[in-house]
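Note: the block below is coords.cif and it holds mmCIF, C-alpha atoms.
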data_start
loop_
_atom_site.label_atom_id
_atom_site.label_comp_id
_atom_site.auth_asym_id
_atom_site.auth_seq_id
_atom_site.Cartn_x
_atom_site.Cartn_y
_atom_site.Cartn_z
CA MET A 1 30.84 -20.92 -10.90
CA SER A 2 27.45 -22.27 -9.68
CA GLN A 3 24.19 -20.58 -10.58
CA SER A 4 23.53 -19.82 -6.91
CA ARG A 5 26.95 -18.20 -6.44
CA LEU A 6 26.53 -16.17 -9.63
CA ASN A 7 23.14 -14.87 -8.49
CA ARG A 8 24.53 -13.88 -5.11
CA ASN A 9 27.40 -12.01 -6.74
CA TRP A 10 25.17 -9.84 -8.85
CA LEU A 11 22.76 -9.27 -5.96
CA ILE A 12 25.66 -7.98 -3.86
CA LEU A 13 26.59 -5.72 -6.78
CA ILE A 14 23.05 -4.31 -6.96
CA PHE A 15 22.78 -3.85 -3.21
CA THR A 16 26.16 -2.14 -3.00
CA ALA A 17 25.24 0.21 -5.83
CA ALA A 18 22.05 1.13 -3.98
CA LEU A 19 23.94 1.95 -0.81
CA CYS A 20 26.43 4.08 -2.76
CA MET A 21 23.93 6.13 -4.78
CA ALA A 22 24.98 9.40 -3.15
CA GLY A 23 28.61 10.00 -4.10
CA CYS A 24 31.11 11.77 -1.85
CA ALA A 25 32.82 14.98 -2.92
CA SER A 26 35.58 16.61 -0.92
CA ALA A 27 36.02 20.37 -0.86
CA SER A 28 39.36 22.17 -0.79
CA SER A 29 40.49 24.19 2.20
CA ASP A 30 39.42 27.41 0.46
CA ALA A 31 35.86 26.16 -0.19
CA PRO A 32 33.17 28.77 -0.86
CA THR A 33 31.16 30.15 2.00
CA ALA A 34 27.62 28.99 2.69
CA GLY A 35 25.18 30.22 0.03
CA ALA A 36 27.91 30.68 -2.58
CA LYS A 37 28.16 28.69 -5.81
CA SER A 38 30.36 25.60 -5.93
CA ASP A 39 31.97 23.66 -8.77
CA ALA A 40 30.25 20.57 -7.33
CA GLY A 41 26.89 22.04 -8.37
CA GLY A 42 24.48 24.54 -6.85
CA PRO A 43 24.76 26.71 -3.75
CA VAL A 44 26.53 25.51 -0.62
CA VAL A 45 23.92 24.59 2.02
CA LEU A 46 26.08 22.83 4.62
CA ARG A 47 29.61 23.08 5.96
CA ILE A 48 31.28 20.39 8.05
CA GLY A 49 34.64 21.71 9.12
CA ASP A 50 36.32 22.84 5.90
CA GLU A 51 34.11 20.65 3.67
CA ALA A 52 31.27 22.31 1.75
CA ILE A 53 28.11 20.38 0.83
CA THR A 54 26.11 21.75 -2.09
CA LEU A 55 22.39 21.59 -2.75
CA ASP A 56 22.97 19.09 -5.57
CA GLN A 57 24.91 16.81 -3.22
CA LEU A 58 22.18 17.12 -0.61
CA ASP A 59 19.51 16.24 -3.16
CA GLU A 60 21.44 13.18 -4.33
CA LYS A 61 21.51 11.96 -0.74
CA ALA A 62 17.84 12.80 -0.19
CA LYS A 63 16.87 10.79 -3.29
CA THR A 64 18.04 7.63 -1.55
CA PHE A 65 15.06 8.06 0.81
CA GLY A 66 12.64 8.19 -2.10
CA LEU A 67 12.28 9.75 -5.54
CA LYS A 68 8.58 10.58 -5.28
CA PRO A 69 8.94 14.16 -3.92
CA TYR A 70 11.43 14.92 -6.70
CA GLN A 71 9.21 13.24 -9.28
CA ASP A 72 6.23 15.31 -8.08
CA LEU A 73 8.30 18.49 -8.31
CA TYR A 74 9.40 17.55 -11.81
CA GLU A 75 5.79 16.93 -12.89
CA HIS A 76 4.71 20.31 -11.50
CA ARG A 77 7.57 21.99 -13.33
CA ARG A 78 6.64 20.23 -16.56
CA GLN A 79 3.03 21.39 -16.21
CA ALA A 80 4.19 24.95 -15.57
CA MET A 81 6.56 24.72 -18.53
CA ASP A 82 3.80 23.48 -20.85
CA GLN A 83 1.59 26.36 -19.72
CA LEU A 84 4.35 28.92 -20.30
CA ILE A 85 5.02 27.47 -23.76
CA ALA A 86 1.33 27.63 -24.66
CA GLU A 87 0.94 31.21 -23.43
CA ASN A 88 4.07 32.34 -25.28
CA LEU A 89 3.05 30.70 -28.56
CA LEU A 90 -0.48 32.12 -28.37
CA ASP A 91 0.84 35.62 -27.66
CA ARG A 92 3.30 35.37 -30.58
CA GLU A 93 0.56 34.29 -32.98
CA ALA A 94 -1.88 36.94 -31.72
CA THR A 95 0.76 39.67 -32.13
CA LYS A 96 1.53 38.43 -35.65
CA ARG A 97 -2.15 38.74 -36.58
CA GLY A 98 -2.67 42.04 -34.75
CA ILE A 99 -5.39 40.67 -32.46
CA THR A 100 -5.74 39.75 -28.79
CA ARG A 101 -5.14 36.28 -27.42
CA ASP A 102 -8.86 35.94 -26.63
CA ASP A 103 -9.78 36.82 -30.22
CA LEU A 104 -7.23 34.29 -31.48
CA MET A 105 -8.69 31.54 -29.31
CA ARG A 106 -12.20 32.40 -30.41
CA GLN A 107 -11.26 32.26 -34.11
CA GLU A 108 -9.08 29.12 -33.99
CA VAL A 109 -10.74 27.10 -31.22
CA ASN A 110 -14.18 28.16 -30.00
CA ASP A 111 -15.68 28.95 -33.41
CA LYS A 112 -14.35 25.71 -34.92
CA VAL A 113 -15.62 23.27 -32.29
CA THR A 114 -18.66 21.28 -33.37
CA PRO A 115 -21.63 21.80 -31.00
CA VAL A 116 -22.68 18.79 -28.92
CA ALA A 117 -25.78 17.20 -30.41
CA ASP A 118 -28.54 15.37 -28.55
CA ALA A 119 -27.30 12.12 -30.10
CA ASP A 120 -23.84 12.75 -28.60
CA VAL A 121 -25.38 13.18 -25.14
CA ALA A 122 -27.45 10.00 -25.49
CA GLY A 123 -24.45 8.04 -26.77
CA PHE A 124 -22.28 9.15 -23.87
CA TYR A 125 -25.03 8.17 -21.42
CA GLU A 126 -25.40 4.70 -22.92
CA GLN A 127 -21.63 4.07 -22.86
CA ASN A 128 -21.30 5.18 -19.25
CA MET A 129 -24.63 3.96 -17.85
CA PRO A 130 -23.02 1.53 -15.34
CA SER A 131 -21.24 4.43 -13.63
CA MET A 132 -24.40 6.56 -13.49
CA GLY A 133 -25.79 4.55 -10.58
CA GLY A 134 -29.09 3.88 -12.34
CA ARG A 135 -29.85 7.58 -12.73
CA PRO A 136 -32.26 8.30 -15.62
CA LEU A 137 -31.28 10.65 -18.44
CA ASP A 138 -33.32 13.61 -17.23
CA ASP A 139 -32.91 17.25 -18.26
CA ASP A 140 -30.45 18.05 -15.49
CA LEU A 141 -28.18 15.15 -16.41
CA ARG A 142 -28.40 16.11 -20.09
CA VAL A 143 -27.08 19.57 -19.24
CA GLN A 144 -24.21 18.12 -17.20
CA ILE A 145 -23.21 15.70 -19.97
CA ARG A 146 -23.48 18.40 -22.64
CA ASN A 147 -21.27 20.78 -20.63
CA PHE A 148 -18.72 18.02 -20.03
CA LEU A 149 -18.53 17.07 -23.71
CA SER A 150 -18.32 20.74 -24.75
CA GLN A 151 -15.38 21.38 -22.40
CA GLN A 152 -13.72 18.19 -23.59
CA ARG A 153 -13.97 19.26 -27.23
CA LEU A 154 -12.70 22.74 -26.43
CA GLY A 155 -9.73 21.29 -24.56
CA LEU A 156 -8.80 18.94 -27.39
CA ALA A 157 -9.16 21.72 -29.98
CA ARG A 158 -6.92 23.99 -27.89
CA GLN A 159 -4.30 21.24 -27.59
CA ASP A 160 -4.34 20.64 -31.35
CA PHE A 161 -3.98 24.35 -32.11
CA ILE A 162 -1.06 24.78 -29.69
CA ALA A 163 0.57 21.65 -31.13
CA ARG A 164 0.38 23.20 -34.61
CA LEU A 165 1.94 26.44 -33.33
CA ARG A 166 4.64 24.48 -31.54
CA SER A 167 5.53 22.58 -34.72
CA GLN A 168 6.25 25.96 -36.37
CA THR A 169 8.48 27.30 -33.57
CA LYS A 170 11.76 25.99 -32.21
CA VAL A 171 11.19 24.95 -28.59
CA GLN A 172 14.09 23.49 -26.59
CA VAL A 173 13.45 21.86 -23.22
CA SER A 174 16.44 21.27 -20.93
CA LEU A 175 14.61 20.20 -17.78
CA ASP A 176 16.03 16.84 -16.71
CA PRO A 177 13.84 14.39 -14.78
CA PRO A 178 15.12 12.90 -11.50
CA ARG A 179 16.85 9.56 -11.92
CA VAL A 180 18.67 6.87 -9.98
CA ASP A 181 21.55 4.87 -11.41
CA LEU A 182 20.52 1.20 -11.31
CA VAL A 183 23.03 -1.54 -12.10
CA VAL A 184 21.47 -4.34 -14.14
CA ALA A 185 23.41 -7.60 -13.88
CA PRO A 186 23.65 -10.12 -16.76
CA ASN A 187 21.72 -12.88 -15.00
CA GLU A 188 18.67 -10.88 -13.92
CA PRO A 189 15.34 -12.03 -15.40
CA ALA A 190 14.86 -9.76 -18.41
CA LYS A 191 12.98 -9.44 -21.69
CA GLY A 192 14.41 -7.53 -24.63
CA PRO A 193 17.90 -7.00 -26.01
CA ASP A 194 20.81 -5.97 -23.79
CA THR A 195 21.49 -3.14 -26.23
CA ALA A 196 18.01 -1.60 -25.91
CA PRO A 197 18.21 2.17 -25.35
CA VAL A 198 15.44 2.04 -22.72
CA THR A 199 15.51 -0.25 -19.67
CA ILE A 200 12.49 -0.67 -17.41
CA VAL A 201 13.29 -2.17 -14.00
CA GLU A 202 10.15 -3.45 -12.30
CA TYR A 203 9.92 -4.11 -8.56
CA SER A 204 7.02 -6.51 -8.05
CA ASP A 205 5.23 -8.85 -5.63
CA PHE A 206 3.66 -12.09 -6.88
CA GLN A 207 0.78 -11.76 -4.41
CA CYS A 208 0.00 -8.15 -5.33
CA PRO A 209 -3.18 -7.81 -7.46
CA TYR A 210 -2.00 -4.52 -8.95
CA CYS A 211 1.22 -6.20 -10.10
CA ALA A 212 -0.88 -8.81 -11.90
CA ARG A 213 -3.03 -6.06 -13.40
CA VAL A 214 -0.05 -4.29 -14.98
CA GLY A 215 1.12 -7.49 -16.70
CA PRO A 216 -0.80 -6.91 -19.96
CA THR A 217 0.56 -3.36 -20.10
CA LEU A 218 4.15 -4.61 -19.88
CA ALA A 219 3.39 -7.23 -22.52
CA ARG A 220 2.09 -4.48 -24.79
CA ILE A 221 5.26 -2.46 -24.21
CA ALA A 222 7.41 -5.45 -25.15
CA GLU A 223 5.34 -5.97 -28.31
CA THR A 224 5.38 -2.28 -29.27
CA TYR A 225 9.11 -1.76 -28.64
CA PRO A 226 10.71 -5.19 -29.30
CA ASP A 227 14.17 -3.78 -30.08
CA LYS A 228 14.09 -0.59 -28.04
CA VAL A 229 12.92 -1.61 -24.55
CA ARG A 230 14.32 -4.12 -22.09
CA ILE A 231 12.19 -5.11 -19.08
CA VAL A 232 13.96 -6.37 -15.93
CA PHE A 233 12.10 -8.05 -13.07
CA ARG A 234 13.08 -7.64 -9.42
CA ASP A 235 11.38 -9.06 -6.35
CA PHE A 236 9.88 -6.81 -3.71
CA PRO A 237 7.71 -9.05 -1.47
CA LEU A 238 5.55 -6.93 0.81
CA PRO A 239 5.40 -7.82 4.53
CA GLY A 240 1.61 -8.17 4.47
CA HIS A 241 1.68 -10.82 1.73
CA SER A 242 2.59 -14.12 3.37
CA GLU A 243 3.13 -15.98 0.09
CA ALA A 244 5.07 -13.25 -1.73
CA GLN A 245 8.46 -14.37 -0.42
CA PRO A 246 7.96 -18.12 -1.09
CA ALA A 247 6.58 -17.36 -4.56
CA ALA A 248 9.60 -15.20 -5.34
CA GLU A 249 11.95 -17.97 -4.22
CA ALA A 250 10.07 -20.46 -6.40
CA ALA A 251 10.37 -18.16 -9.42
CA ARG A 252 14.13 -17.97 -8.87
CA CYS A 253 14.29 -21.77 -8.86
CA ALA A 254 12.44 -21.76 -12.19
CA HIS A 255 14.95 -19.17 -13.42
CA GLU A 256 17.70 -21.70 -12.73
CA GLN A 257 16.14 -23.85 -15.44
CA GLY A 258 15.66 -20.94 -17.84
CA GLN A 259 11.91 -20.87 -17.26
CA PHE A 260 11.46 -17.70 -15.22
CA TRP A 261 8.93 -15.92 -17.42
CA VAL A 262 6.55 -18.85 -17.91
CA TYR A 263 6.64 -19.48 -14.17
CA HIS A 264 6.22 -15.74 -13.54
CA ASP A 265 3.06 -15.75 -15.67
CA LYS A 266 1.76 -18.87 -13.93
CA LEU A 267 2.17 -17.30 -10.48
CA PHE A 268 0.28 -14.15 -11.42
CA ALA A 269 -2.47 -16.17 -13.10
CA SER A 270 -2.82 -18.35 -9.98
CA GLN A 271 -2.66 -15.83 -7.13
CA ARG A 272 -5.53 -17.46 -5.25
CA GLU A 273 -3.74 -20.82 -5.29
CA LEU A 274 -0.38 -19.69 -3.87
CA GLY A 275 0.98 -21.62 -0.92
CA GLY A 276 1.85 -25.11 0.26
CA GLU A 277 2.77 -27.55 -2.49
CA ALA A 278 1.39 -25.29 -5.23
CA TYR A 279 4.86 -24.11 -6.30
CA LYS A 280 6.08 -27.64 -6.99
CA LYS A 281 2.82 -28.45 -8.75
CA PHE A 282 3.25 -25.42 -11.02
CA ALA A 283 6.78 -26.58 -11.85
CA GLU A 284 5.50 -30.00 -12.88
CA GLN A 285 2.68 -28.51 -14.95
CA LEU A 286 5.14 -26.32 -16.82
CA GLY A 287 7.47 -29.19 -17.60
CA LEU A 288 10.37 -28.21 -15.36
CA ASP A 289 12.72 -30.79 -13.87
CA ALA A 290 10.61 -31.49 -10.77
CA ALA A 291 13.43 -33.00 -8.70
CA LYS A 292 15.82 -30.12 -9.30
CA PHE A 293 13.08 -27.58 -8.63
CA ALA A 294 12.06 -29.28 -5.37
CA ALA A 295 15.66 -29.45 -4.17
CA CYS A 296 16.16 -25.77 -4.95
CA TYR A 297 12.92 -24.68 -3.29
CA ASP A 298 13.15 -26.92 -0.20
CA ASP A 299 16.62 -25.77 0.78
CA GLY A 300 15.66 -22.09 0.51
CA ARG A 301 18.44 -21.48 -1.97
CA TYR A 302 17.26 -17.98 -2.92
CA ARG A 303 15.72 -16.82 0.34
CA GLN A 304 18.49 -14.39 1.18
CA ASP A 305 18.78 -13.28 -2.43
CA VAL A 306 15.13 -12.22 -2.58
CA MET A 307 15.40 -10.42 0.74
CA MET A 308 18.50 -8.61 -0.49
CA LEU A 309 16.69 -7.50 -3.64
CA ALA A 310 13.90 -6.05 -1.50
CA ARG A 311 16.38 -4.17 0.68
CA GLY A 312 18.04 -2.83 -2.45
CA GLY A 313 14.65 -1.59 -3.67
CA GLN A 314 14.11 0.20 -0.39
CA GLN A 315 17.42 1.99 -0.89
CA PHE A 316 16.05 3.30 -4.19
CA GLY A 317 12.93 4.59 -2.46
CA VAL A 318 10.54 1.74 -3.32
CA THR A 319 7.80 1.44 -0.71
CA GLY A 320 5.05 -0.40 -2.61
CA THR A 321 4.38 -2.44 -5.71
CA PRO A 322 4.44 -2.31 -8.59
CA ALA A 323 7.22 0.25 -8.90
CA PHE A 324 9.18 1.01 -12.05
CA PHE A 325 12.36 2.78 -13.08
CA VAL A 326 12.43 3.76 -16.76
CA ASN A 327 16.08 4.55 -17.46
CA GLY A 328 16.21 5.43 -13.76
CA ARG A 329 13.02 7.55 -13.81
CA PHE A 330 10.61 6.49 -11.08
CA LEU A 331 7.01 5.54 -11.87
CA SER A 332 4.70 4.07 -9.26
CA GLY A 333 1.59 1.92 -9.45
CA ALA A 334 -0.32 0.02 -12.14
CA ILE A 335 -0.12 2.92 -14.58
CA PRO A 336 -1.60 2.68 -18.09
CA PHE A 337 0.31 1.99 -21.29
CA GLU A 338 -0.01 5.61 -22.42
CA ARG A 339 1.92 6.86 -19.37
CA PHE A 340 4.73 4.42 -20.04
CA GLN A 341 4.69 5.30 -23.73
CA ALA A 342 5.10 9.02 -23.05
CA VAL A 343 8.20 8.41 -20.91
CA ILE A 344 9.64 5.83 -23.33
CA GLU A 345 9.23 8.22 -26.26
CA GLU A 346 10.94 10.98 -24.29
CA GLU A 347 13.86 8.68 -23.54
CA LEU A 348 14.13 7.57 -27.16
CA ALA A 349 14.08 11.18 -28.32
CA ASN A 350 16.94 11.96 -25.96
#

Is it possible to express this structure as C-alpha cells?
Amino acid sequence: MSQSRLNRNWLILIFTAALCMAGCASASSDAPTAGAKSDAGGPVVLRIGDEAITLDQLDEKAKTFGLKPYQDLYEHRRQAMDQLIAENLLDREATKRGITRDDLMRQEVNDKVTPVADADVAGFYEQNMPSMGGRPLDDDLRVQIRNFLSQQRLGLARQDFIARLRSQTKVQVSLDPPRVDLVVAPNEPAKGPDTAPVTIVEYSDFQCPYCARVGPTLARIAETYPDKVRIVFRDFPLPGHSEAQPAAEAARCAHEQGQFWVYHDKLFASQRELGGEAYKKFAEQLGLDAAKFAACYDDGRYRQDVMMLARGGQQFGVTGTPAFFVNGRFLSGAIPFERFQAVIEEELAN
C-alpha cells in the first residue's frame, strides 16, 4: 500500500472517530420518566417517543461542540474540592489540639513566617525593575512590595502545612476530568514509545507564534518523561494564516521520507521565511531527496489530508492553536511546563 493511501486511511479513521464521539443508546419501551434515574447514567432530561436521553448522554453530545466549558467546570470543582479538603484537615487538627482553627493557623503558619526584610524588598525591585515602568523605589512602592512578599510567604507556608496534614490523612478523590476518546493511528508523526501510559495529541499551526513558543516546553516534556509520554502532532492550519496550509503539506512530504520532526523544527524556526520556494529550499538544506519532495509538494498530495485533520480537530472542539489533549484531557494555549507536568503526574498516578 502506498504511503499516500496509508495516510488517507488513518485520516479517515480519525475523522470518523471524531464524528462518532457521542454514542447512541436505545431505551426500552418501559423507559423511566423524565427526571428519573436511568441505567445509561444520570437523570433523564429528554424523551423522543419511547426513547429516554440521560444527562450523561446529553453531555457526551455537547462535548463534541467543545470541551472548554466542561474543563472550566472541572477546574472550579477541583478548586472547591481543594478548599473543602483544607478546611476539613484544619478543623480536624484544631479539634485534636483543643484550639480554634484561627489559633492553629497562627501557631503553625503566621508565627513561623520570616518577616520581609528591607533587603528582600530591594532584591524584588531589582529583579522586576523592567516591569515597574521606571518607577523609583519610594516609600509607597516599598510598602506594596513588602505586603506582596508577606502574603506570598503566608500562602506558601499555609500550603506546606496543609500538605503535611494531608500526608497524614487518607484522602480519596474520585472526580474524573472531562475527556475525549482520540484514535491515534500508527503512521501519525509522534515522539515517544507506543506503549507510553500518557499520550499528548497536539493540534498546531506552523505559522502560529504561540505554537512555536510552546516548542521548548514540549521538548522538556519529552526529555523529562522519555518512556512515559508520547507526543503526537496534528495539523490545524488557521484560516487567517495563509502559509499554514502549505507548510503543513510540506511537513507531510518530509514525513514521507522519515524526516518530519527535523522539518517541523525548521518550519517553526523560520516562520518569517514561509512561502514560495522556501519549502523546497528547506528540504534541500535538511538533506531530503529534493526531487521526491518537490513531486510530493507540487501535486498537493496531502492537501485534503491536512484539511481533514483540521475538520477532525473541530469535531473535538479545537478552535485555536496550540491545543492539546493529554490522555483526552483538553488543554489550550502555550501553557507552561508546570501545567503539563501536573496533568501528566495525575495521569501517571491513575

Which residues are close to A:Val180, i.e. within 8 Å by all atoms listed in the file, leaving aside same-chain residues fewer than 4 positions away? Reply as a list of chain:residue names.
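Here the answer would be A:Met21, A:Lys63, A:Phe316, A:Gly328, A:Arg329.
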
Evaluate the PyMOL selection byres ((chain A and resi 196-199) around 8) on the structure here and hand back the selected residues as a PyMOL selection string.
chain A and resi 192-195+200-201+227-232+325-327+344+347-348

When you look at A:Ala244 with a cut-off of 8 Å (counting all atoms listed in the file), what residues show up, excluding the ones that are within fewer than 5 positions of it in the same chain? I need them as a ChimeraX atom specification.
/A:205-207,237-238

Between atom CA of A:Pro322 and atom CA of A:Leu218, distance in Å (one decimal)
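Those two atoms sit 11.5 Å apart.
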
What residues come out when you apply the PyMOL selection byres ((chain A and resi 65-73) around 10) to this file, written as a list in words?
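With the PyMOL selection byres ((chain A and resi 65-73) around 10) on this model, the match is Asp59, Glu60, Lys61, Ala62, Lys63, Thr64, Tyr74, Glu75, His76, Arg77, Arg78, Gln79, Pro177, Pro178, Arg179, Val180, Gln314, Gln315, Phe316, Gly317, Val318, Thr319, Arg329, Phe330, Leu331 and Ser332 of chain A.
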
Just-selected residues, C-alpha atoms written as a PDB file, keeping the file's coordinate frame:
ATOM      1  CA  ASP A  59      19.510  16.240  -3.160  1.00  0.00           C
ATOM      2  CA  GLU A  60      21.440  13.180  -4.330  1.00  0.00           C
ATOM      3  CA  LYS A  61      21.510  11.960  -0.740  1.00  0.00           C
ATOM      4  CA  ALA A  62      17.840  12.800  -0.190  1.00  0.00           C
ATOM      5  CA  LYS A  63      16.870  10.790  -3.290  1.00  0.00           C
ATOM      6  CA  THR A  64      18.040   7.630  -1.550  1.00  0.00           C
ATOM      7  CA  TYR A  74       9.400  17.550 -11.810  1.00  0.00           C
ATOM      8  CA  GLU A  75       5.790  16.930 -12.890  1.00  0.00           C
ATOM      9  CA  HIS A  76       4.710  20.310 -11.500  1.00  0.00           C
ATOM     10  CA  ARG A  77       7.570  21.990 -13.330  1.00  0.00           C
ATOM     11  CA  ARG A  78       6.640  20.230 -16.560  1.00  0.00           C
ATOM     12  CA  GLN A  79       3.030  21.390 -16.210  1.00  0.00           C
ATOM     13  CA  PRO A 177      13.840  14.390 -14.780  1.00  0.00           C
ATOM     14  CA  PRO A 178      15.120  12.900 -11.500  1.00  0.00           C
ATOM     15  CA  ARG A 179      16.850   9.560 -11.920  1.00  0.00           C
ATOM     16  CA  VAL A 180      18.670   6.870  -9.980  1.00  0.00           C
ATOM     17  CA  GLN A 314      14.110   0.200  -0.390  1.00  0.00           C
ATOM     18  CA  GLN A 315      17.420   1.990  -0.890  1.00  0.00           C
ATOM     19  CA  PHE A 316      16.050   3.300  -4.190  1.00  0.00           C
ATOM     20  CA  GLY A 317      12.930   4.590  -2.460  1.00  0.00           C
ATOM     21  CA  VAL A 318      10.540   1.740  -3.320  1.00  0.00           C
ATOM     22  CA  THR A 319       7.800   1.440  -0.710  1.00  0.00           C
ATOM     23  CA  ARG A 329      13.020   7.550 -13.810  1.00  0.00           C
ATOM     24  CA  PHE A 330      10.610   6.490 -11.080  1.00  0.00           C
ATOM     25  CA  LEU A 331       7.010   5.540 -11.870  1.00  0.00           C
ATOM     26  CA  SER A 332       4.700   4.070  -9.260  1.00  0.00           C
TER      27      SER A 332
END

Expanded to explicit residues, what is the PyMOL selection byres ((chain A and resi 147-157) around 10) for this file, as a PyMOL selection string?
chain A and resi 105+108-117+120-121+124+141-146+158-163

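With distances taken over all atoms listed in the file, A:Val306 is the one residue among A:Val306, A:Phe293, A:Asn187, A:Ala254 lying closest to A:Ser204.
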
Coordinates-based distance that separates atom CA of A:Gln245 from atom CA of A:Gln304 (Å, one decimal)
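Taking atom CA of A:Gln304 and atom CA of A:Gln245, their separation equals 10.2 Å.
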
Shortest interatomic distance to A:Asp102 - which of A:Leu137, A:Val173, A:Ala291, A:Leu90, counting all atoms listed in the file:
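Closest to A:Asp102 of all the choices is A:Leu90.
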
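Taking atom CA of A:Gln107 as the reference point, atom CA of A:Gln172 is found at 27.9 Å.
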
Tell me which of A:Val214, A:Met308, A:Leu55, A:Val184 sits closest to A:Phe340, counting only C-alpha atoms.
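Of the candidates, the smallest distance to A:Phe340 is held by A:Val214.
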
Would you kindly return, as a list in words, each protein, DNA or RNA residue with an atom no farther than 9 Å from any atom of A:Val171, considering only C-alpha atoms and excluding same-chain residues fewer than 3 positions away?
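Surrounding residues, per the criterion: Ile85, Arg166 and Ser167 of chain A.
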
Quick one: stretch 97-112 of chain A from the block, N, CA and C atoms, as a PDB file, in the first residue's frame.
ATOM      1  N   ARG A  97      -6.118  19.323  68.895  1.00  0.00           N
ATOM      2  CA  ARG A  97      -5.308  20.113  69.825  1.00  0.00           C
ATOM      3  C   ARG A  97      -6.151  20.897  70.827  1.00  0.00           C
ATOM      4  N   GLY A  98      -7.468  20.917  70.628  1.00  0.00           N
ATOM      5  CA  GLY A  98      -8.340  21.649  71.532  1.00  0.00           C
ATOM      6  C   GLY A  98      -8.254  23.153  71.375  1.00  0.00           C
ATOM      7  N   ILE A  99      -7.994  23.617  70.129  1.00  0.00           N
ATOM      8  CA  ILE A  99      -7.921  25.048  69.861  1.00  0.00           C
ATOM      9  C   ILE A  99      -8.789  25.374  68.651  1.00  0.00           C
ATOM     10  N   THR A 100      -8.914  26.672  68.348  1.00  0.00           N
ATOM     11  CA  THR A 100      -9.694  27.070  67.182  1.00  0.00           C
ATOM     12  C   THR A 100      -8.834  26.979  65.924  1.00  0.00           C
ATOM     13  N   ARG A 101      -9.501  27.021  64.778  1.00  0.00           N
ATOM     14  CA  ARG A 101      -8.751  26.992  63.516  1.00  0.00           C
ATOM     15  C   ARG A 101      -7.852  28.212  63.394  1.00  0.00           C
ATOM     16  N   ASP A 102      -8.347  29.391  63.821  1.00  0.00           N
ATOM     17  CA  ASP A 102      -7.534  30.606  63.747  1.00  0.00           C
ATOM     18  C   ASP A 102      -6.279  30.486  64.598  1.00  0.00           C
ATOM     19  N   ASP A 103      -6.430  29.911  65.812  1.00  0.00           N
ATOM     20  CA  ASP A 103      -5.264  29.727  66.672  1.00  0.00           C
ATOM     21  C   ASP A 103      -4.269  28.756  66.031  1.00  0.00           C
ATOM     22  N   LEU A 104      -4.792  27.710  65.405  1.00  0.00           N
ATOM     23  CA  LEU A 104      -3.927  26.738  64.737  1.00  0.00           C
ATOM     24  C   LEU A 104      -3.128  27.411  63.621  1.00  0.00           C
ATOM     25  N   MET A 105      -3.792  28.223  62.817  1.00  0.00           N
ATOM     26  CA  MET A 105      -3.113  28.896  61.717  1.00  0.00           C
ATOM     27  C   MET A 105      -2.079  29.886  62.238  1.00  0.00           C
ATOM     28  N   ARG A 106      -2.397  30.533  63.348  1.00  0.00           N
ATOM     29  CA  ARG A 106      -1.436  31.479  63.901  1.00  0.00           C
ATOM     30  C   ARG A 106      -0.187  30.760  64.408  1.00  0.00           C
ATOM     31  N   GLN A 107      -0.376  29.608  65.061  1.00  0.00           N
ATOM     32  CA  GLN A 107       0.758  28.864  65.613  1.00  0.00           C
ATOM     33  C   GLN A 107       1.620  28.234  64.528  1.00  0.00           C
ATOM     34  N   GLU A 108       0.964  27.627  63.506  1.00  0.00           N
ATOM     35  CA  GLU A 108       1.686  26.831  62.518  1.00  0.00           C
ATOM     36  C   GLU A 108       2.071  27.592  61.253  1.00  0.00           C
ATOM     37  N   VAL A 109       1.464  28.743  61.032  1.00  0.00           N
ATOM     38  CA  VAL A 109       1.734  29.489  59.797  1.00  0.00           C
ATOM     39  C   VAL A 109       2.240  30.897  60.102  1.00  0.00           C
ATOM     40  N   ASN A 110       1.350  31.735  60.638  1.00  0.00           N
ATOM     41  CA  ASN A 110       1.693  33.147  60.818  1.00  0.00           C
ATOM     42  C   ASN A 110       2.938  33.360  61.670  1.00  0.00           C
ATOM     43  N   ASP A 111       3.014  32.648  62.813  1.00  0.00           N
ATOM     44  CA  ASP A 111       4.137  32.867  63.725  1.00  0.00           C
ATOM     45  C   ASP A 111       5.449  32.294  63.202  1.00  0.00           C
ATOM     46  N   LYS A 112       5.376  31.426  62.181  1.00  0.00           N
ATOM     47  CA  LYS A 112       6.580  30.774  61.675  1.00  0.00           C
ATOM     48  C   LYS A 112       7.122  31.405  60.389  1.00  0.00           C
TER      49      LYS A 112
END
